[in-house]
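Next up, protein27.txt (compact mmCIF, C-alpha atoms and all ligand atoms):
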```txt
# COMPACT_ATOMS: atom_id res chain seq x y z
CA MET A 1 -78.19 -19.79 66.62
CA ARG A 2 -79.39 -16.59 65.05
CA ILE A 3 -82.11 -14.13 66.06
CA TYR A 4 -83.54 -11.65 63.58
CA THR A 5 -85.25 -8.59 65.00
CA HIS A 6 -85.45 -4.86 64.37
CA PRO A 7 -86.13 -1.77 66.52
CA ALA A 8 -88.81 -0.72 64.01
CA CYS A 9 -90.88 -3.68 65.20
CA THR A 10 -91.42 -1.86 68.51
CA ARG A 11 -92.61 1.28 66.71
CA HIS A 12 -95.84 -0.26 65.40
CA ASP A 13 -98.17 1.12 68.07
CA PRO A 14 -101.85 0.12 67.84
CA GLY A 15 -102.68 2.53 70.67
CA PRO A 16 -103.34 2.48 74.42
CA GLY A 17 -104.94 -0.64 75.84
CA HIS A 18 -104.27 -2.77 72.76
CA ALA A 19 -103.16 -6.33 73.61
CA GLU A 20 -100.68 -6.50 70.72
CA ARG A 21 -98.40 -3.85 72.19
CA PRO A 22 -94.74 -2.96 71.69
CA LEU A 23 -93.85 -4.18 75.20
CA ARG A 24 -94.52 -7.74 74.04
CA LEU A 25 -91.45 -7.67 71.86
CA VAL A 26 -89.38 -5.88 74.50
CA ALA A 27 -90.28 -8.68 76.93
CA VAL A 28 -89.22 -11.39 74.47
CA THR A 29 -85.92 -9.82 73.46
CA GLU A 30 -84.95 -8.88 77.03
CA ALA A 31 -85.72 -12.37 78.28
CA LEU A 32 -83.69 -13.99 75.50
CA ARG A 33 -80.71 -11.71 76.07
CA GLU A 34 -80.79 -12.47 79.81
CA ALA A 35 -81.23 -16.21 79.41
CA PHE A 36 -78.71 -16.71 76.59
CA PRO A 37 -76.07 -13.98 76.86
CA ASP A 38 -73.56 -15.78 74.63
CA ALA A 39 -75.37 -18.37 72.53
CA LEU A 40 -77.45 -16.08 70.32
CA HIS A 41 -76.25 -14.02 67.39
CA TRP A 42 -78.48 -10.99 66.93
CA GLU A 43 -79.03 -9.66 63.42
CA GLU A 44 -81.05 -6.75 62.13
CA ALA A 45 -83.93 -7.83 59.93
CA PRO A 46 -83.89 -6.40 56.40
CA ARG A 47 -87.04 -5.10 54.72
CA ALA A 48 -89.03 -7.52 52.61
CA SER A 49 -89.32 -6.36 49.00
CA ARG A 50 -92.66 -5.79 47.29
CA GLY A 51 -91.94 -8.74 45.03
CA GLN A 52 -91.42 -11.02 48.01
CA LEU A 53 -94.70 -9.85 49.57
CA LEU A 54 -96.57 -10.24 46.29
CA ARG A 55 -95.87 -13.99 46.31
CA VAL A 56 -98.67 -14.30 48.91
CA HIS A 57 -100.51 -10.95 49.00
CA ASP A 58 -102.32 -8.87 46.42
CA ASP A 59 -101.45 -5.36 45.27
CA ALA A 60 -104.32 -3.78 47.15
CA LEU A 61 -103.10 -5.02 50.54
CA LEU A 62 -99.57 -3.80 49.83
CA ALA A 63 -100.94 -0.41 48.86
CA LEU A 64 -103.09 -0.26 52.00
CA VAL A 65 -100.27 -1.13 54.42
CA LEU A 66 -97.37 0.59 52.68
CA ASP A 67 -98.84 3.59 50.88
CA THR A 68 -101.66 4.86 53.10
CA PRO A 69 -100.71 8.20 54.66
CA VAL A 70 -101.26 7.80 58.43
CA ASP A 71 -100.69 10.47 61.05
CA GLY A 72 -102.34 8.51 63.86
CA PRO A 73 -103.74 5.06 64.58
CA MET A 74 -106.24 4.02 61.88
CA ALA A 75 -108.45 0.98 62.50
CA LEU A 76 -108.49 -1.48 59.61
CA ASP A 77 -110.97 -3.65 61.52
CA PRO A 78 -111.98 -3.83 65.21
CA ASP A 79 -108.64 -5.53 66.08
CA THR A 80 -106.14 -4.35 63.54
CA VAL A 81 -104.53 -0.93 63.45
CA LEU A 82 -102.34 0.87 60.96
CA ALA A 83 -100.26 3.56 62.67
CA PRO A 84 -97.33 5.74 61.58
CA GLY A 85 -94.68 3.10 62.39
CA SER A 86 -96.66 0.17 61.04
CA ALA A 87 -95.44 -0.04 57.45
CA GLU A 88 -91.79 -0.14 58.44
CA ALA A 89 -92.49 -2.69 61.19
CA ALA A 90 -94.44 -4.87 58.78
CA LEU A 91 -91.64 -4.75 56.20
CA ARG A 92 -89.02 -5.69 58.82
CA ALA A 93 -91.19 -8.47 60.30
CA ALA A 94 -91.68 -10.07 56.88
CA GLY A 95 -88.07 -9.39 55.92
CA ALA A 96 -86.84 -11.25 59.01
CA GLY A 97 -88.36 -14.45 57.68
CA ILE A 98 -86.82 -13.94 54.24
CA ALA A 99 -83.37 -13.44 55.77
CA ALA A 100 -83.87 -16.43 58.04
CA VAL A 101 -84.72 -18.69 55.10
CA ASP A 102 -81.69 -17.51 53.14
CA ALA A 103 -79.45 -18.07 56.18
CA VAL A 104 -80.57 -21.65 56.79
CA MET A 105 -80.64 -22.55 53.10
CA HIS A 106 -77.13 -21.21 52.61
CA GLY A 107 -75.99 -23.32 55.56
CA GLU A 108 -74.93 -20.34 57.70
CA VAL A 109 -77.05 -21.56 60.62
CA ARG A 110 -79.48 -24.39 61.29
CA ARG A 111 -82.07 -22.63 63.39
CA VAL A 112 -83.37 -19.07 63.50
CA PHE A 113 -85.90 -17.30 65.67
CA CYS A 114 -87.48 -14.11 64.35
CA ALA A 115 -88.41 -11.84 67.25
CA VAL A 116 -90.78 -9.59 65.34
CA ARG A 117 -94.17 -7.93 65.39
CA PRO A 118 -96.78 -7.30 64.13
CA PRO A 119 -97.64 -11.01 64.03
CA GLY A 120 -98.71 -12.53 60.73
CA HIS A 121 -100.72 -15.73 60.65
CA HIS A 122 -104.19 -14.16 60.33
CA ALA A 123 -103.28 -12.02 57.30
CA THR A 124 -104.90 -13.48 54.17
CA PRO A 125 -103.90 -12.88 50.55
CA SER A 126 -106.07 -9.75 50.46
CA ALA A 127 -106.73 -8.69 54.06
CA ALA A 128 -104.95 -7.54 57.18
CA MET A 129 -106.81 -8.88 60.22
CA GLY A 130 -106.41 -10.16 63.77
CA PHE A 131 -103.51 -7.79 64.64
CA CYS A 132 -101.67 -8.99 61.48
CA LEU A 133 -100.68 -6.84 58.49
CA PHE A 134 -98.58 -9.17 56.33
CA ASN A 135 -98.36 -12.94 56.78
CA ASN A 136 -94.71 -13.10 57.77
CA ILE A 137 -94.43 -16.88 57.89
CA ALA A 138 -96.23 -17.34 54.58
CA VAL A 139 -93.95 -14.81 52.91
CA ALA A 140 -90.99 -16.83 54.22
CA ALA A 141 -92.41 -20.21 53.22
CA ALA A 142 -93.20 -18.96 49.70
CA HIS A 143 -89.64 -17.65 49.46
CA ALA A 144 -88.30 -21.08 50.45
CA CYS A 145 -90.33 -22.70 47.67
CA ASP A 146 -89.86 -20.13 44.90
CA LYS A 147 -86.32 -18.91 45.54
CA HIS A 148 -84.77 -22.08 46.94
CA GLY A 149 -86.82 -24.61 45.00
CA LEU A 150 -88.10 -26.57 47.97
CA SER A 151 -91.08 -28.82 47.37
CA ARG A 152 -91.86 -30.01 50.93
CA VAL A 153 -92.10 -27.16 53.41
CA ALA A 154 -94.08 -27.38 56.66
CA VAL A 155 -95.59 -24.58 58.70
CA VAL A 156 -96.38 -25.71 62.23
CA ASP A 157 -98.63 -23.34 64.19
CA PHE A 158 -99.10 -23.77 67.95
CA ASP A 159 -100.50 -20.29 68.51
CA VAL A 160 -103.81 -20.63 70.37
CA HIS A 161 -105.64 -19.08 67.40
CA HIS A 162 -106.04 -20.78 64.04
CA GLY A 163 -103.80 -19.32 61.35
CA ASN A 164 -106.59 -18.74 58.87
CA GLY A 165 -104.38 -16.55 56.71
CA THR A 166 -101.60 -19.10 56.36
CA GLN A 167 -104.14 -21.78 55.56
CA ALA A 168 -105.86 -19.59 52.96
CA ILE A 169 -102.56 -18.77 51.28
CA PHE A 170 -101.45 -22.39 50.92
CA ASP A 171 -104.60 -24.48 50.77
CA THR A 172 -104.13 -25.24 47.07
CA ASP A 173 -100.31 -25.43 47.24
CA ALA A 174 -99.17 -29.00 47.89
CA ARG A 175 -95.57 -27.87 48.42
CA VAL A 176 -96.58 -26.50 51.81
CA MET A 177 -98.15 -28.48 54.64
CA TYR A 178 -99.88 -26.42 57.33
CA LEU A 179 -100.50 -28.05 60.73
CA SER A 180 -102.23 -26.21 63.55
CA SER A 181 -103.54 -26.81 67.04
CA HIS A 182 -105.84 -24.09 68.29
CA GLN A 183 -108.66 -23.45 70.73
CA MET A 184 -112.19 -23.77 69.39
CA PRO A 185 -114.48 -21.99 69.72
CA LEU A 186 -112.29 -18.92 69.40
CA TYR A 187 -111.36 -16.18 66.91
CA PRO A 188 -111.22 -16.44 63.90
CA ASP A 189 -113.64 -19.43 63.88
CA THR A 190 -111.78 -21.36 61.19
CA GLY A 191 -109.61 -24.45 61.49
CA TYR A 192 -112.21 -27.19 61.50
CA ALA A 193 -110.95 -30.72 60.91
CA ASN A 194 -112.77 -30.89 57.57
CA GLU A 195 -110.70 -28.00 56.18
CA ARG A 196 -108.06 -30.12 54.47
CA GLY A 197 -106.92 -28.09 51.46
CA VAL A 198 -105.42 -30.44 48.87
CA GLY A 199 -104.59 -32.86 51.69
CA ASN A 200 -101.94 -30.43 52.97
CA ILE A 201 -103.93 -28.79 55.77
CA VAL A 202 -104.16 -30.50 59.17
CA ASN A 203 -106.27 -28.84 61.86
CA ALA A 204 -106.67 -30.05 65.44
CA SER A 205 -108.94 -28.18 67.80
CA LEU A 206 -108.45 -27.91 71.55
CA PRO A 207 -111.43 -27.36 73.89
CA PRO A 208 -111.32 -24.47 76.38
CA GLY A 209 -109.59 -25.72 79.53
CA CYS A 210 -107.33 -28.13 77.62
CA ASP A 211 -104.17 -28.70 79.65
CA SER A 212 -100.64 -29.94 78.94
CA ASP A 213 -101.76 -33.57 78.70
CA GLY A 214 -104.46 -32.84 76.15
CA PHE A 215 -102.16 -30.64 74.08
CA ARG A 216 -99.32 -33.16 74.07
CA ARG A 217 -101.65 -36.05 73.25
CA ILE A 218 -103.00 -34.30 70.13
CA TRP A 219 -99.52 -33.50 68.91
CA ARG A 220 -98.07 -36.93 69.75
CA GLU A 221 -100.93 -38.92 68.27
CA ARG A 222 -102.01 -36.84 65.27
CA LEU A 223 -99.96 -33.83 64.25
CA LEU A 224 -96.37 -34.97 64.77
CA PRO A 225 -96.81 -38.32 62.94
CA THR A 226 -98.42 -36.50 59.98
CA LEU A 227 -95.59 -33.99 59.90
CA ASP A 228 -92.99 -36.76 60.12
CA SER A 229 -94.49 -38.65 57.18
CA PHE A 230 -94.46 -35.43 55.08
CA ARG A 231 -90.65 -35.33 55.51
CA PRO A 232 -90.28 -31.51 55.49
CA GLN A 233 -87.11 -30.14 53.91
CA LEU A 234 -87.58 -26.99 55.99
CA LEU A 235 -89.76 -26.54 59.05
CA PHE A 236 -91.37 -23.23 59.96
CA ILE A 237 -92.94 -22.54 63.33
CA SER A 238 -95.66 -19.96 63.93
CA ALA A 239 -94.60 -19.53 67.54
CA GLY A 240 -97.48 -17.95 69.37
CA PHE A 241 -97.41 -18.28 73.14
CA ASP A 242 -101.05 -17.44 73.84
CA ALA A 243 -102.04 -21.03 74.72
CA HIS A 244 -100.14 -20.41 77.97
CA LYS A 245 -102.33 -20.63 81.08
CA ARG A 246 -101.59 -17.00 81.98
CA ASP A 247 -102.71 -15.61 78.61
CA PRO A 248 -105.73 -13.30 78.82
CA LEU A 249 -107.11 -13.92 75.31
CA ALA A 250 -107.78 -17.67 75.48
CA GLN A 251 -108.52 -20.53 77.87
CA ILE A 252 -105.84 -23.17 77.18
CA GLU A 253 -103.77 -24.16 80.19
CA LEU A 254 -100.25 -24.79 78.89
CA GLU A 255 -97.17 -24.45 81.08
CA SER A 256 -93.96 -22.87 79.81
CA GLY A 257 -92.38 -26.34 79.73
CA ASP A 258 -94.85 -27.43 77.08
CA TYR A 259 -93.17 -25.04 74.65
CA GLU A 260 -89.83 -26.69 75.33
CA TRP A 261 -91.43 -30.10 74.75
CA ILE A 262 -93.14 -29.28 71.44
CA THR A 263 -90.04 -27.49 70.17
CA ARG A 264 -87.82 -30.49 70.93
CA GLU A 265 -90.23 -32.76 69.08
CA LEU A 266 -90.22 -30.44 66.07
CA VAL A 267 -86.44 -30.11 66.04
CA ALA A 268 -86.16 -33.92 66.07
CA ILE A 269 -88.34 -34.12 62.95
CA ALA A 270 -86.37 -31.32 61.28
CA LYS A 271 -83.17 -33.26 61.97
CA ARG A 272 -84.60 -36.42 60.42
CA HIS A 273 -85.68 -34.83 57.15
CA GLY A 274 -84.40 -31.30 56.78
CA ASP A 275 -80.84 -31.23 58.10
CA GLY A 276 -82.19 -29.65 61.31
CA ARG A 277 -83.39 -26.52 59.53
CA VAL A 278 -86.02 -24.59 61.52
CA VAL A 279 -87.24 -21.03 61.07
CA SER A 280 -89.46 -19.90 63.93
CA MET A 281 -91.36 -16.63 64.02
CA LEU A 282 -93.10 -14.95 66.93
CA GLU A 283 -96.88 -14.75 66.54
CA GLY A 284 -99.22 -14.10 69.52
CA GLY A 285 -98.84 -14.15 73.30
CA TYR A 286 -100.30 -11.37 75.41
CA ASP A 287 -99.14 -11.93 79.00
CA LEU A 288 -95.67 -10.47 79.36
CA ALA A 289 -94.45 -12.90 82.04
CA ALA A 290 -95.71 -15.88 80.04
CA LEU A 291 -94.10 -14.49 76.89
CA ARG A 292 -90.75 -14.25 78.67
CA GLU A 293 -90.85 -17.77 80.05
CA ALA A 294 -92.29 -19.41 76.96
CA SER A 295 -89.97 -17.74 74.49
CA VAL A 296 -86.95 -18.75 76.60
CA ALA A 297 -88.26 -22.34 76.75
CA HIS A 298 -88.81 -22.34 72.98
CA VAL A 299 -85.48 -20.81 71.99
CA GLY A 300 -83.61 -22.96 74.52
CA ALA A 301 -84.99 -26.06 72.82
CA LEU A 302 -84.13 -24.68 69.37
CA LEU A 303 -80.56 -24.24 70.61
CA ASP A 304 -80.38 -27.88 71.76
ZN ZN A 401 -102.91 -15.99 68.82
```

As structure tokens - that is how I would like this structure written.
Amino acid sequence: MRIYTHPACTRHDPGPGHAERPLRLVAVTEALREAFPDALHWEEAPRASRGQLLRVHDDALLALVLDTPVDGPMALDPDTVLAPGSAEAALRAAGAGIAAVDAVMHGEVRRVFCAVRPPGHHATPSAAMGFCLFNNIAVAAAHACDKHGLSRVAVVDFDVHHGNGTQAIFDTDARVMYLSSHQMPLYPDTGYANERGVGNIVNASLPPGCDSDGFRRIWRERLLPTLDSFRPQLLFISAGFDAHKRDPLAQIELESGDYEWITRELVAIAKRHGDGRVVSMLEGGYDLAALREASVAHVGALLD
């Protein structure tokens, strides 16, 4: 199995005290190297091209992220910071997903995990928000459709926050199904069950305090059967680990083993319909110990 990452992804520094900090990625990559010293093939993520980004974002957002001169952290909103290393990190994070799609579609590997930051799923066509600059997973899913001609692509999002950006990008694009479980109420206050796109958006909310049983029940009874009947040719995972019980930004009580469980379920569906092809990308997760455990549980299940 392949991992795409890049040192530039640790050089996006939103500043002291920010939850979305470089050490998050260090924790994930160190834990994976320790847990799987031989099974993972590490590759450097290329940069996404402007054309690849423009499939899901507008010119103004590209200009803001890539062309703004920054000599120190600059707040784009109360959560989201553009700093001197941010443009390069954002290009590598989005480029990881592009490379991952090409690798699985060319049959080089079946499953890829992109260990990248900044995260992506809150970035909309026109706005960076919620720690996210470009929507990495949407850039990758659009590449799968446009470059590789896929017509049934699924983006599964178990980050504790709703991926409003991913939903906004695809809610009129029937080639892409977006399925999310997320805590409500919580930032960004989207992801209600009545947000259905063109029938391709499936949102399931979790109440604060929801534990493993509640999480697994929603996936087993609602989300996984819907995903299975969509028969995805390629399955993307927005792998945020902030529904873990240790996470400081939300109140869902998942154990690390829940990430192994959901990943196994998703891999089984990918094997039924998409030759086992899965591209997973790191999103949130703000407790370093939880990030270590959960990412090892997730990648271990991707490995089989
Ligand atoms: Zn999150």

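Proximity to ligand ZN 401 (chain A) was assessed for A:Pro46, A:Pro119, A:Gly95, A:Pro16 counting only C-alpha atoms and all ligand atoms; the smallest distance is recorded for A:Pro119.
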
Closest contacts (chain A/ligand ZN 401 (chain A), max 6 Å, all atoms listed in the file) as a tab-separated table:
```
residue	atom	partner	partner_atom	distance
A:Asp159	CA	A:ZN401	ZN	4.9
A:Val160	CA	A:ZN401	ZN	5.0
A:His161	CA	A:ZN401	ZN	4.4
A:Gly240	CA	A:ZN401	ZN	5.8
A:Asp242	CA	A:ZN401	ZN	5.5
A:Gly284	CA	A:ZN401	ZN	4.2
```

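If you measure from each of A:Gly17, A:Pro185, A:Gly191, A:Gly274 to Pro207 (chain A) using only C-alpha atoms, the closest one turns out to be A:Pro185.
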
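Proximity of A:Tyr259, A:Tyr286, A:Phe215, A:Phe236 to Val101 (chain A), computed with only C-alpha atoms, is greatest for A:Phe236.
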
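Look at Ala19 (chain A): the protein and nucleic acid residues within 10 Å of it, using only C-alpha atoms and passing over chain neighbours fewer than 5 places away, are Pro14, Arg24, Asp79, Phe131, Pro248, Leu249, Gly284, Gly285, Tyr286 and Asp287 of chain A.
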
For CA of Cys132 (chain A) and CA of Ala27 (chain A), the interatomic separation in Å (one decimal): 19.2 Å

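Taking CA of Leu82 (chain A) and CA of Val70 (chain A) as the two end points, the separation is 7.5 Å.
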
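If you measure from each of A:Val26, A:Ile137, A:Leu64, A:Ala193 to Ile169 (chain A) using only C-alpha atoms, the closest one turns out to be A:Ile137.
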